[in-house]
file upload.txt (compact mmCIF, C-alpha atoms)
# COMPACT_ATOMS: atom_id res chain seq x y z
CA MET A 161 -18.20 -13.00 16.99
CA GLU A 162 -15.77 -10.09 16.68
CA ARG A 163 -14.98 -11.07 13.09
CA LEU A 164 -18.67 -11.32 12.20
CA ALA A 165 -19.31 -7.93 13.78
CA THR A 166 -16.51 -6.39 11.72
CA VAL A 167 -17.87 -7.96 8.54
CA ALA A 168 -21.36 -6.66 9.34
CA VAL A 169 -20.01 -3.13 9.85
CA ALA A 170 -18.00 -3.40 6.63
CA MET A 171 -20.84 -4.58 4.40
CA PRO A 172 -22.37 -1.20 3.41
CA CYS A 173 -18.95 0.13 2.44
CA GLY A 174 -18.13 -3.25 0.95
CA MET A 175 -21.21 -3.24 -1.27
CA ILE A 176 -20.17 0.07 -2.80
CA PHE A 177 -16.62 -1.27 -3.18
CA CYS A 178 -17.93 -4.43 -4.88
CA LEU A 179 -20.25 -2.65 -7.31
CA THR A 180 -17.65 -0.02 -8.19
CA GLY A 181 -14.82 -2.54 -8.30
CA ILE A 182 -16.60 -4.93 -10.66
CA LEU A 183 -17.31 -2.07 -13.06
CA VAL A 184 -13.69 -0.87 -12.78
CA ASN A 185 -12.39 -4.40 -13.49
CA ILE A 186 -14.65 -4.71 -16.54
CA ILE A 187 -13.41 -1.38 -17.93
CA GLN A 188 -9.80 -2.37 -17.18
CA ALA A 189 -10.21 -5.72 -18.93
CA ALA A 190 -11.83 -4.12 -21.97
CA CYS A 191 -9.02 -1.58 -22.21
CA PHE A 192 -6.43 -4.35 -21.88
CA LEU A 193 -7.96 -6.32 -24.74
CA ILE A 194 -8.70 -3.38 -27.05
CA ILE A 195 -6.35 -0.49 -26.27
CA TRP A 196 -3.17 -2.12 -24.87
CA PRO A 197 -2.19 -3.79 -28.21
CA VAL A 198 -2.58 -0.42 -29.99
CA SER A 199 -1.19 2.11 -27.51
CA LYS A 200 0.27 1.23 -24.11
CA ASN A 201 0.42 4.87 -23.03
CA THR A 202 -3.25 5.48 -23.85
CA TYR A 203 -4.13 2.31 -21.95
CA ARG A 204 -2.14 3.44 -18.92
CA ARG A 205 -3.77 6.87 -18.86
CA ILE A 206 -7.30 5.47 -19.08
CA VAL A 207 -6.74 2.60 -16.67
CA GLY A 208 -4.90 4.89 -14.25
CA ALA A 209 -7.85 7.28 -14.18
CA VAL A 210 -10.36 4.45 -13.67
CA THR A 211 -8.27 2.71 -11.01
CA ASP A 212 -7.85 6.05 -9.24
CA ILE A 213 -11.60 6.02 -8.51
CA LEU A 214 -11.36 2.66 -6.75
CA PHE A 215 -8.27 3.68 -4.79
CA LEU A 216 -9.95 6.94 -3.72
CA HIS A 217 -12.83 4.93 -2.27
CA LEU A 218 -10.29 3.04 -0.14
CA THR A 219 -8.46 6.19 0.98
CA PHE A 220 -11.86 7.63 1.94
CA LEU A 221 -12.23 4.67 4.29
CA VAL A 222 -8.96 5.61 6.01
CA ASP A 223 -9.14 9.42 5.88
CA TRP A 224 -12.81 10.22 6.42
CA TRP A 225 -14.49 7.09 7.75
CA ALA A 226 -11.82 6.04 10.27
CA GLY A 227 -10.45 9.56 10.77
CA LEU A 228 -6.77 8.66 10.57
CA GLU A 229 -4.61 11.70 11.28
CA VAL A 230 -1.64 12.04 8.94
CA ARG A 231 1.48 14.05 9.76
CA ILE A 232 4.23 14.51 7.19
CA HIS A 233 7.82 15.55 7.85
CA ALA A 234 10.03 16.53 4.90
CA ASP A 235 12.44 19.28 3.90
CA LEU A 236 11.34 22.04 1.52
CA GLU A 237 13.41 20.64 -1.36
CA THR A 238 11.57 17.33 -1.14
CA LEU A 239 8.14 18.95 -0.82
CA GLU A 240 8.75 21.01 -3.97
CA VAL A 241 9.27 17.99 -6.23
CA ILE A 242 7.43 15.10 -4.58
CA GLY A 243 4.49 13.98 -6.70
CA LYS A 244 5.90 15.75 -9.76
CA GLU A 245 8.55 13.19 -10.69
CA LYS A 246 9.01 9.47 -11.08
CA ALA A 247 10.41 7.89 -7.95
CA LEU A 248 11.29 4.64 -6.23
CA VAL A 249 9.73 4.60 -2.74
CA MET A 250 11.32 2.63 0.10
CA PRO A 251 9.13 2.53 3.26
CA ASN A 252 9.36 0.35 6.35
CA HIS A 253 6.61 -2.09 7.25
CA THR A 254 4.42 -0.92 10.13
CA CYS A 255 1.05 -2.69 10.11
CA ASP A 256 -1.33 -4.87 8.10
CA ALA A 257 -2.51 -1.83 6.12
CA ASP A 258 0.86 -0.69 4.74
CA VAL A 259 -0.41 -0.55 1.15
CA LEU A 260 -3.30 1.71 2.19
CA MET A 261 -0.81 3.89 4.10
CA MET A 262 1.24 4.42 0.96
CA TRP A 263 -1.86 5.18 -1.13
CA LEU A 264 -2.84 7.71 1.50
CA LEU A 265 0.57 9.35 1.21
CA ALA A 266 0.42 9.33 -2.60
CA GLU A 267 -2.99 11.01 -2.52
CA ARG A 268 -1.56 13.83 -0.40
CA PHE A 269 0.78 14.61 -3.31
CA ASN A 270 -1.70 14.02 -6.18
CA CYS A 271 0.13 10.88 -7.26
CA LEU A 272 -2.46 8.21 -6.44
CA ARG A 273 -3.14 7.10 -10.02
CA GLY A 274 0.61 6.55 -10.44
CA ALA A 275 1.02 4.70 -7.13
CA LEU A 276 2.43 1.35 -8.23
CA MET A 277 3.45 -1.45 -5.88
CA VAL A 278 5.71 -4.46 -5.73
CA MET A 279 3.40 -7.01 -4.08
CA LYS A 280 3.37 -10.69 -3.19
CA LYS A 281 1.90 -12.91 -5.90
CA SER A 282 -1.02 -14.21 -3.84
CA SER A 283 -2.60 -10.74 -3.66
CA LYS A 284 -3.04 -10.78 -7.45
CA TYR A 285 -5.83 -13.33 -7.08
CA LEU A 286 -7.93 -11.28 -4.66
CA PRO A 287 -11.14 -10.31 -6.47
CA ILE A 288 -11.38 -6.63 -7.46
CA TYR A 289 -8.41 -5.43 -5.37
CA GLY A 290 -5.79 -7.77 -6.82
CA TRP A 291 -7.16 -7.59 -10.36
CA ALA A 292 -7.28 -3.78 -10.27
CA ASN A 293 -3.64 -3.64 -9.18
CA TRP A 294 -2.58 -6.08 -11.89
CA PHE A 295 -4.26 -4.07 -14.65
CA ASN A 296 -2.77 -0.88 -13.21
CA GLY A 297 0.80 -2.18 -13.47
CA ALA A 298 1.65 -3.59 -10.04
CA VAL A 299 4.55 -6.06 -9.93
CA PHE A 300 3.78 -9.40 -8.27
CA LEU A 301 6.55 -11.57 -6.84
CA ASP A 302 6.88 -15.26 -5.93
CA ARG A 303 9.53 -14.37 -3.30
CA ASN A 304 11.85 -16.73 -5.15
CA TRP A 305 14.73 -14.86 -6.76
CA ALA A 306 15.21 -17.44 -9.52
CA LYS A 307 11.61 -16.77 -10.64
CA ASP A 308 11.46 -13.08 -9.78
CA GLU A 309 14.67 -11.73 -11.35
CA GLY A 310 13.47 -11.86 -14.95
CA LYS A 311 9.99 -10.71 -14.00
CA LEU A 312 11.37 -7.66 -12.20
CA LYS A 313 13.65 -6.75 -15.09
CA SER A 314 10.83 -6.80 -17.66
CA SER A 315 8.43 -4.97 -15.32
CA PHE A 316 10.94 -2.21 -14.59
CA GLN A 317 11.77 -1.76 -18.27
CA GLU A 318 8.07 -1.43 -19.14
CA LEU A 319 7.90 1.63 -16.87
CA LYS A 320 10.48 3.48 -18.97
CA ASP A 321 7.82 5.18 -21.12
CA PHE A 322 5.17 5.46 -18.38
CA PRO A 323 3.20 8.56 -19.42
CA ILE A 324 2.70 10.18 -15.98
CA SER A 325 4.65 10.61 -12.76
CA PHE A 326 4.65 7.43 -10.71
CA TRP A 327 5.82 6.00 -7.40
CA LEU A 328 7.00 2.42 -7.41
CA THR A 329 6.88 1.27 -3.79
CA ILE A 330 9.10 -1.60 -2.68
CA PHE A 331 8.85 -2.93 0.86
CA VAL A 332 12.42 -4.18 0.98
CA GLU A 333 11.97 -5.92 4.35
CA GLY A 334 10.10 -8.53 2.33
CA THR A 335 7.52 -9.32 4.98
CA ARG A 336 5.32 -7.49 7.45
CA MET A 337 6.61 -6.49 10.87
CA THR A 338 5.60 -8.74 13.76
CA PRO A 339 7.31 -9.44 17.12
CA ASP A 340 8.21 -12.97 15.99
CA LYS A 341 9.79 -11.72 12.77
CA LEU A 342 11.65 -8.97 14.61
CA LEU A 343 13.02 -11.60 17.00
CA ALA A 344 14.17 -13.71 14.04
CA ALA A 345 15.81 -10.63 12.46
CA GLN A 346 17.62 -9.85 15.70
CA GLU A 347 18.89 -13.41 16.03
CA PHE A 348 20.07 -13.36 12.41
CA ALA A 349 21.82 -10.00 12.91
CA ILE A 350 23.63 -11.28 16.01
CA SER A 351 24.77 -14.43 14.20
CA LYS A 352 26.16 -12.37 11.28
CA GLY A 353 27.62 -9.53 13.31
CA PHE A 354 25.20 -6.97 11.82
CA PRO A 355 23.68 -4.03 13.73
CA VAL A 356 20.79 -5.47 15.73
CA PRO A 357 17.46 -3.89 14.68
CA ARG A 358 14.92 -2.77 17.26
CA ASN A 359 12.15 -1.29 15.08
CA VAL A 360 12.67 -2.63 11.55
CA LEU A 361 13.54 -5.89 9.83
CA ILE A 362 16.76 -6.52 7.90
CA PRO A 363 16.18 -5.51 4.26
CA ARG A 364 16.30 -8.06 1.46
CA THR A 365 18.18 -6.02 -1.07
CA LYS A 366 18.11 -8.00 -4.34
CA GLY A 367 14.86 -6.51 -5.61
CA PHE A 368 15.86 -2.99 -4.59
CA VAL A 369 19.25 -3.35 -6.29
CA SER A 370 17.56 -4.59 -9.46
CA ALA A 371 15.11 -1.66 -9.39
CA VAL A 372 17.89 0.90 -9.03
CA GLN A 373 20.05 -0.63 -11.75
CA TYR A 374 17.26 -0.95 -14.31
CA MET A 375 15.48 2.32 -13.52
CA ARG A 376 18.25 4.79 -12.71
CA SER A 377 18.28 6.07 -16.31
CA PHE A 378 14.66 7.32 -16.17
CA VAL A 379 13.76 7.57 -12.46
CA PRO A 380 15.48 10.57 -10.84
CA ALA A 381 14.93 9.86 -7.15
CA VAL A 382 14.54 7.44 -4.27
CA TYR A 383 12.18 8.44 -1.45
CA ASP A 384 13.23 6.95 1.86
CA VAL A 385 9.94 6.90 3.80
CA THR A 386 9.90 6.13 7.51
CA VAL A 387 6.46 5.39 8.96
CA ALA A 388 5.70 5.49 12.67
CA VAL A 389 2.74 5.52 15.08
CA PRO A 390 3.08 7.42 18.38
CA LYS A 391 2.72 5.66 21.72
CA GLY A 392 -0.82 5.64 23.02
CA HIS A 393 -2.38 5.32 19.57
CA PRO A 394 -3.55 2.01 18.06
CA ILE A 395 -1.56 0.53 15.21
CA PRO A 396 -3.61 1.10 12.01
CA SER A 397 -5.30 -1.97 10.59
CA VAL A 398 -7.95 -2.80 8.01
CA LYS A 399 -10.21 -4.10 10.77
CA GLY A 400 -9.66 -0.89 12.76
CA PHE A 401 -10.49 1.30 9.76
CA LEU A 402 -13.73 -0.55 9.15
CA ARG A 403 -14.68 -0.14 12.82
CA LYS A 404 -13.93 3.62 12.68
CA GLN A 405 -10.95 3.35 15.02
CA PRO A 406 -8.99 6.62 14.79
CA SER A 407 -5.22 6.75 15.03
CA VAL A 408 -2.23 8.91 14.09
CA VAL A 409 0.56 8.09 11.64
CA HIS A 410 3.74 10.07 10.93
CA PHE A 411 5.64 9.91 7.63
CA HIS A 412 9.23 11.12 7.41
CA ILE A 413 10.31 11.53 3.78
CA LYS A 414 13.90 11.99 2.63
CA ARG A 415 14.68 12.36 -1.07
CA TYR A 416 17.90 10.96 -2.54
CA ALA A 417 18.93 11.70 -6.12
CA MET A 418 19.31 8.45 -8.04
CA ASN A 419 22.59 9.57 -9.57
CA GLU A 420 24.09 9.88 -6.07
CA LEU A 421 23.60 6.18 -5.30
CA PRO A 422 26.54 3.77 -5.73
CA GLU A 423 27.09 2.19 -9.14
CA SER A 424 27.83 -1.40 -8.08
CA ASP A 425 25.28 -3.95 -6.90
CA GLU A 426 27.19 -4.40 -3.66
CA GLY A 427 27.32 -0.66 -3.07
CA ILE A 428 23.56 -0.25 -3.64
CA ALA A 429 22.81 -3.17 -1.31
CA GLN A 430 24.96 -1.66 1.42
CA TRP A 431 23.37 1.77 0.88
CA CYS A 432 19.94 0.20 1.40
CA LYS A 433 21.10 -1.58 4.57
CA ASP A 434 22.60 1.67 5.87
CA ARG A 435 19.31 3.47 5.31
CA PHE A 436 17.51 0.89 7.44
CA VAL A 437 20.07 1.23 10.22
CA ALA A 438 19.37 4.98 10.08
CA LYS A 439 15.59 4.30 10.05
CA ASP A 440 15.99 2.18 13.15
CA ALA A 441 17.83 4.95 14.99
CA MET A 442 15.25 7.50 13.81
CA LEU A 443 12.43 5.31 15.12
CA ASP A 444 14.21 5.04 18.49
CA LYS A 445 14.14 8.84 18.74
CA PHE A 446 10.51 8.86 17.61
CA ARG A 447 9.56 6.43 20.38
CA ALA A 448 11.22 8.75 22.90
CA ASN A 449 9.96 12.09 21.56
CA GLY A 450 6.68 11.21 19.84
CA THR A 451 7.69 12.95 16.61
CA PHE A 452 10.42 13.10 13.99
CA ASP A 453 13.09 15.77 13.84
CA GLY A 454 12.48 18.46 11.25
CA LYS A 455 9.60 20.68 10.26
CA GLU A 456 6.13 19.19 9.99
CA SER A 457 4.10 20.09 6.91
CA ARG A 458 0.81 21.05 8.58
CA ASP A 459 -1.16 21.77 5.41
CA LEU A 460 -0.82 18.11 4.41
CA ARG A 461 -2.51 16.96 7.62
CA ILE A 462 -5.90 17.97 6.19
CA PRO A 463 -7.55 15.06 4.31
CA PRO A 464 -7.99 15.81 0.59
CA LYS A 465 -11.65 16.36 -0.25
CA LYS A 466 -11.35 14.47 -3.52
CA SER A 467 -11.81 11.07 -1.86
CA LEU A 468 -14.82 12.36 0.08
CA ILE A 469 -16.46 13.69 -3.10
CA VAL A 470 -15.76 10.44 -4.97
CA ALA A 471 -17.16 8.35 -2.09
CA ILE A 472 -20.36 10.41 -1.96
CA LEU A 473 -20.82 10.22 -5.71
CA LEU A 474 -20.18 6.47 -5.77
CA SER A 475 -22.65 5.95 -2.93
CA CYS A 476 -25.34 7.89 -4.80
CA ILE A 477 -24.66 6.26 -8.18
CA ASP A 478 -24.47 2.72 -6.78
CA SER A 479 -27.58 3.19 -4.61
CA ILE A 480 -29.66 4.65 -7.44
CA GLY A 481 -28.38 2.00 -9.82
CA ALA A 482 -29.25 -0.78 -7.40
CA ILE A 483 -32.77 0.61 -6.82
CA LEU A 484 -33.41 0.95 -10.56
CA LEU A 485 -32.11 -2.58 -11.16
CA ILE A 486 -34.36 -4.01 -8.44
CA ARG A 487 -37.39 -2.19 -9.85
CA ARG A 488 -36.60 -2.97 -13.47
CA PHE A 489 -36.41 -6.71 -12.90
CA SER A 490 -38.85 -6.85 -9.93
CA LEU A 491 -36.23 -8.60 -7.84
CA LEU A 492 -38.28 -8.32 -4.64
CA SER A 493 -41.42 -9.83 -6.12
CA ASN A 494 -40.27 -13.40 -6.77
CA TRP A 495 -38.02 -15.99 -5.22
CA LYS A 496 -35.55 -15.91 -8.09
CA GLY A 497 -34.99 -12.19 -7.61
CA ILE A 498 -34.75 -12.52 -3.83
CA SER A 499 -32.23 -15.34 -4.26
CA SER A 500 -30.15 -13.12 -6.57
CA LEU A 501 -30.12 -10.33 -3.98
CA ALA A 502 -29.24 -12.80 -1.23
CA PHE A 503 -26.34 -14.06 -3.37
CA ALA A 504 -25.10 -10.47 -3.84
CA VAL A 505 -25.19 -9.83 -0.08
CA ALA A 506 -23.43 -13.14 0.59
CA PHE A 507 -20.75 -12.33 -2.00
CA ASP A 508 -20.21 -8.96 -0.33
CA ALA A 509 -19.88 -10.56 3.12
CA ILE A 510 -17.50 -13.27 1.88
CA LEU A 511 -15.35 -10.71 0.05
CA MET A 512 -15.10 -8.46 3.13
CA TYR A 513 -14.26 -11.45 5.32
CA THR A 514 -11.59 -12.54 2.83
CA PHE A 515 -9.96 -9.10 2.78
CA ILE A 516 -9.96 -8.85 6.57
CA GLU A 517 -8.46 -12.31 7.00
CA TYR A 518 -5.93 -11.82 4.19
CA THR A 519 -4.55 -8.59 5.65
CA LYS A 520 -4.60 -9.78 9.26
CA LEU A 521 -1.20 -10.34 10.82
CA PRO A 522 -0.48 -13.95 11.88
CA GLU A 523 -0.81 -15.09 15.46
CA GLN A 524 2.35 -14.39 17.44
CA GLY A 525 4.29 -16.37 20.00
CA LYS A 526 4.79 -15.00 23.49
CA VAL A 527 7.47 -12.32 23.26
CA GLN A 528 8.34 -9.11 25.03
CA ALA A 529 10.89 -6.31 24.71
CA ARG A 530 13.96 -6.16 26.94
CA ASN A 531 16.64 -3.52 26.54
CA GLY A 532 15.58 -2.70 23.03
CA GLN A 533 15.43 -6.36 21.95
CA VAL A 534 12.53 -8.79 21.61
CA VAL A 535 12.86 -12.00 23.61
CA LYS A 536 10.77 -15.18 23.75
CA LEU A 537 8.77 -16.02 26.81
CA HIS A 538 8.76 -19.72 27.64
call {"tool": "encode", "arguments": {"input": "upload.txt", "output": "structure tokens"}}
result
Amino acid sequence: MERLATVAVAMPCGMIFCLTGILVNIIQAACFLIIWPVSKNTYRRIVGAVTDILFLHLTFLVDWWAGLEVRIHADLETLEVIGKEKALVMPNHTCDADVLMMWLLAERFNCLRGALMVMKKSSKYLPIYGWANWFNGAVFLDRNWAKDEGKLKSSFQELKDFPISFWLTIFVEGTRMTPDKLLAAQEFAISKGFPVPRNVLIPRTKGFVSAVQYMRSFVPAVYDVTVAVPKGHPIPSVKGFLRKQPSVVHFHIKRYAMNELPESDEGIAQWCKDRFVAKDAMLDKFRANGTFDGKESRDLRIPPKKSLIVAILLSCIDSIGAILLIRRFSLLSNWKGISSLAFAVAFDAILMYTFIEYTKLPEQGKVQARNGQVVKLH
């Protein structure tokens, strides 16, 4: 019943998402067939602008509908350049809405249309969402290095002449954080003599190493982003956003110049592992203090109005368009028209249910924390 209630709440927003998303996908596909063979840069500019509209509708859901409070911690040097340069972004996994979290951060720095992701292959097949990301330049992985190595190399090289500033986000932990996965990471770390993580998973460094090696000539920086939710606040989730569940999320951003990273593959891999050990310690302090060290950028806590304006406009355009369509074809005056409307509502409900189920974290075994470690309960 809870799932059905969430779907019912999501349907009005979902209908706007569906109508807008289908139009966005059609425009993207047309541009891919007509413009991409002639000019890749023109294609990227047009598709980036169109995709930005869809992404803004989703950030509206988080910022204005759910009322998520965002707090950003970064030094002045980072704040001066972030969003104005090409960068590789390395966040930790926090919840089932990590992609939305990174889009939210990108919007704060006017970089949403250049917010690219390395994502698992299955997400490519999600209607609207997956297709929009594919057309926009997201990189999809099989999580099999033999298959992914060549794909990553070609995808990274294609970004060399990307016409605008972009963020390429790589979740190097390779999977979302859950108690069961944290327990497995701790057991693996103990068996290998590694530092035992308490708040993060052990990074899988091959993709990150490949990204650095192929992109260091044209990407000037790596943003080490640490994401945390204070005690007493619910962990953000797609279901929570749809049900208007407010929360608070903190982002700590540290910029590293690409030319300061090690040259060798082994050195880059170790650098990445060291950053996650530092993240883990930083998150320990966050759990104790409820905030990160360093100055908080208060002006970035205010939600950008752009997503609100776009959401209002889309609501008006889609509503008027739907009313005109119903009147034009008299869809309420015959069974064929009513059946078509019923199909549209059913498609909306199924799509919302699919998204909620796809993003939902898997069921966990019985575990609890003891002395900073997760242990199984028998």
call {"tool": "atom_distance", "arguments": {"input": "upload.txt", "atom1": "CA of Pro357 in chain A", "atom2": "CA of Val389 in chain A"}}
result
17.5 Å
call {"tool": "closest_atom_pairs", "arguments": {"input": "upload.txt", "of": "range 458-521 of chain A", "to": "range 224-234 of chain A", "cutoff": "9 Å", "atoms": "all atoms listed in the file", "output": "JSON lines"}}
result
{"residue": "A:Arg458", "atom": "CA", "partner": "A:Arg231", "partner_atom": "CA", "distance": 7.1}
{"residue": "A:Leu460", "atom": "CA", "partner": "A:Ile232", "partner_atom": "CA", "distance": 6.8}
{"residue": "A:Arg461", "atom": "CA", "partner": "A:Val230", "partner_atom": "CA", "distance": 5.2}
{"residue": "A:Ile462", "atom": "CA", "partner": "A:Val230", "partner_atom": "CA", "distance": 7.8}
{"residue": "A:Pro463", "atom": "CA", "partner": "A:Trp224", "partner_atom": "CA", "distance": 7.5}
{"residue": "A:Ser467", "atom": "CA", "partner": "A:Trp224", "partner_atom": "CA", "distance": 8.4}
{"residue": "A:Leu468", "atom": "CA", "partner": "A:Trp224", "partner_atom": "CA", "distance": 7.0}
call {"tool": "atom_distance", "arguments": {"input": "upload.txt", "atom1": "CA of Lys445 in chain A", "atom2": "CA of Pro390 in chain A"}}
result
11.2 Å
call {"tool": "atom_distance", "arguments": {"input": "upload.txt", "atom1": "CA of Asp308 in chain A", "atom2": "CA of Pro363 in chain A"}}
result
16.6 Å
call {"tool": "closest_residue", "arguments": {"input": "upload.txt", "among": "A:Phe326, A:Phe503, A:Trp294, A:Phe316", "to": "Met375 in chain A", "atoms": "all atoms listed in the file"}}
result
A:Phe316
call {"tool": "axis_aligned_box", "arguments": {"input": "upload.txt", "around": "range 383-395 of chain A", "padding_each_side": "6 Å", "output": "lines of an AutoDock Vina configuration file"}}
result
center_x = 4.8
center_y = 4.5
center_z = 10.8
size_x = 28.8
size_y = 19.9
size_z = 36.5
call {"tool": "closest_residue", "arguments": {"input": "upload.txt", "among": "A:Ala388, A:Val259, A:Ala306, A:Leu342", "to": "Gly367 in chain A", "atoms": "all atoms listed in the file"}}
result
A:Ala306
call {"tool": "closest_residue", "arguments": {"input": "upload.txt", "among": "A:Ala381, A:Met442, A:Val222, A:Leu272", "to": "Leu421 in chain A", "atoms": "only C-alpha atoms"}}
result
A:Ala381
call {"tool": "closest_residue", "arguments": {"input": "upload.txt", "among": "A:Phe515, A:Phe368, A:Phe411, A:Tyr203", "to": "Ser457 in chain A", "atoms": "only C-alpha atoms"}}
result
A:Phe411
call {"tool": "residues_around", "arguments": {"input": "upload.txt", "residues": "Asn293 in chain A", "least_positions_apart": "5", "cutoff": "9 Å", "atoms": "all atoms listed in the file", "output": "PyMOL selection string"}}
result
chain A and resi 211+276-277+284+288+298-299
call {"tool": "residues_around", "arguments": {"input": "upload.txt", "residues": "Ala371 in chain A", "least_positions_apart": "4", "cutoff": "10 Å", "atoms": "all atoms listed in the file", "output": "JSON, numbers by chain"}}
result
{"A": [248, 312, 313, 315, 316, 317, 328, 330, 365, 366, 367, 375, 376, 379]}
call {"tool": "write_last_selection", "arguments": {"input": "upload.txt", "atoms": "C-alpha atoms", "output": "PDB file, in the frame of the given file"}}
result
ATOM      1  CA  LEU A 248      11.290   4.640  -6.230  1.00  0.00           C
ATOM      2  CA  LEU A 312      11.370  -7.660 -12.200  1.00  0.00           C
ATOM      3  CA  LYS A 313      13.650  -6.750 -15.090  1.00  0.00           C
ATOM      4  CA  SER A 315       8.430  -4.970 -15.320  1.00  0.00           C
ATOM      5  CA  PHE A 316      10.940  -2.210 -14.590  1.00  0.00           C
ATOM      6  CA  GLN A 317      11.770  -1.760 -18.270  1.00  0.00           C
ATOM      7  CA  LEU A 328       7.000   2.420  -7.410  1.00  0.00           C
ATOM      8  CA  ILE A 330       9.100  -1.600  -2.680  1.00  0.00           C
ATOM      9  CA  THR A 365      18.180  -6.020  -1.070  1.00  0.00           C
ATOM     10  CA  LYS A 366      18.110  -8.000  -4.340  1.00  0.00           C
ATOM     11  CA  GLY A 367      14.860  -6.510  -5.610  1.00  0.00           C
ATOM     12  CA  MET A 375      15.480   2.320 -13.520  1.00  0.00           C
ATOM     13  CA  ARG A 376      18.250   4.790 -12.710  1.00  0.00           C
ATOM     14  CA  VAL A 379      13.760   7.570 -12.460  1.00  0.00           C
TER      15      VAL A 379
END
call {"tool": "closest_atom_pairs", "arguments": {"input": "upload.txt", "of": "range 413-500 of chain A", "to": "range 213-216 of chain A", "cutoff": "12 Å", "atoms": "all atoms listed in the file", "output": "CSV"}}
result
residue,atom,partner,partner_atom,distance
A:Pro463,CA,A:Leu216,CA,11.7
A:Pro464,CA,A:Leu216,CA,10.1
A:Lys465,CA,A:Leu216,CA,10.2
A:Lys466,CA,A:Leu216,CA,7.7
A:Ser467,CA,A:Leu216,CA,4.9
A:Leu468,CA,A:Leu216,CA,8.2
A:Ile469,CA,A:Leu216,CA,9.4
A:Val470,CA,A:Leu216,CA,6.9
A:Ala471,CA,A:Leu216,CA,7.5
A:Ile472,CA,A:Leu216,CA,11.1
A:Leu473,CA,A:Ile213,CA,10.5
A:Leu474,CA,A:Ile213,CA,9.0
call {"tool": "residues_around", "arguments": {"input": "upload.txt", "residues": "Ile186 in chain A", "least_positions_apart": "3", "cutoff": "12 Å", "atoms": "all atoms listed in the file", "output": "PDB file with C-alpha atoms, keeping the file's coordinate frame"}}
result
ATOM      1  CA  LEU A 179     -20.250  -2.650  -7.310  1.00  0.00           C
ATOM      2  CA  THR A 180     -17.650  -0.020  -8.190  1.00  0.00           C
ATOM      3  CA  GLY A 181     -14.820  -2.540  -8.300  1.00  0.00           C
ATOM      4  CA  ILE A 182     -16.600  -4.930 -10.660  1.00  0.00           C
ATOM      5  CA  LEU A 183     -17.310  -2.070 -13.060  1.00  0.00           C
ATOM      6  CA  ALA A 189     -10.210  -5.720 -18.930  1.00  0.00           C
ATOM      7  CA  ALA A 190     -11.830  -4.120 -21.970  1.00  0.00           C
ATOM      8  CA  CYS A 191      -9.020  -1.580 -22.210  1.00  0.00           C
ATOM      9  CA  PHE A 192      -6.430  -4.350 -21.880  1.00  0.00           C
ATOM     10  CA  LEU A 193      -7.960  -6.320 -24.740  1.00  0.00           C
ATOM     11  CA  VAL A 207      -6.740   2.600 -16.670  1.00  0.00           C
ATOM     12  CA  VAL A 210     -10.360   4.450 -13.670  1.00  0.00           C
ATOM     13  CA  THR A 211      -8.270   2.710 -11.010  1.00  0.00           C
ATOM     14  CA  ILE A 288     -11.380  -6.630  -7.460  1.00  0.00           C
ATOM     15  CA  TRP A 291      -7.160  -7.590 -10.360  1.00  0.00           C
ATOM     16  CA  ALA A 292      -7.280  -3.780 -10.270  1.00  0.00           C
ATOM     17  CA  PHE A 295      -4.260  -4.070 -14.650  1.00  0.00           C
TER      18      PHE A 295
END
call {"tool": "closest_residue", "arguments": {"input": "upload.txt", "among": "A:Leu221, A:Ile187, A:Ala441, A:Val249", "to": "Ala209 in chain A", "atoms": "all atoms listed in the file"}}
result
A:Ile187
call {"tool": "closest_residue", "arguments": {"input": "upload.txt", "among": "A:Thr451, A:Ser377, A:Asn270, A:Gln405", "to": "Ile242 in chain A", "atoms": "all atoms listed in the file"}}
result
A:Asn270
call {"tool": "decode", "arguments": {"input": "upload.txt", "residues": "range 329-334 of chain A", "atoms": "N, CA, C and O atoms", "output": "JSON list (two decimals), in the first residue's frame"}}
result
[["chain", "number", "residue", "atom", "x", "y", "z"],
["A", 329, "THR", "N", 31.13, 12.95, -13.44],
["A", 329, "THR", "CA", 31.06, 12.37, -12.10],
["A", 329, "THR", "C", 31.28, 10.87, -12.17],
["A", 329, "THR", "O", 30.61, 10.16, -12.93],
["A", 330, "ILE", "N", 32.23, 10.39, -11.37],
["A", 330, "ILE", "CA", 32.49, 8.96, -11.25],
["A", 330, "ILE", "C", 32.33, 8.55, -9.79],
["A", 330, "ILE", "O", 33.03, 9.05, -8.91],
["A", 331, "PHE", "N", 31.39, 7.65, -9.54],
["A", 331, "PHE", "CA", 31.24, 7.09, -8.20],
["A", 331, "PHE", "C", 32.19, 5.89, -8.09],
["A", 331, "PHE", "O", 31.83, 4.77, -8.45],
["A", 332, "VAL", "N", 33.39, 6.15, -7.60],
["A", 332, "VAL", "CA", 34.44, 5.14, -7.68],
["A", 332, "VAL", "C", 34.22, 3.97, -6.72],
["A", 332, "VAL", "O", 34.90, 2.94, -6.86],
["A", 333, "GLU", "N", 33.28, 4.10, -5.78],
["A", 333, "GLU", "CA", 32.97, 2.95, -4.92],
["A", 333, "GLU", "C", 32.32, 1.83, -5.71],
["A", 333, "GLU", "O", 32.33, 0.68, -5.28],
["A", 334, "GLY", "N", 31.73, 2.19, -6.86],
["A", 334, "GLY", "CA", 31.21, 1.18, -7.77],
["A", 334, "GLY", "C", 29.84, 0.65, -7.45],
["A", 334, "GLY", "O", 29.22, -0.03, -8.28]]
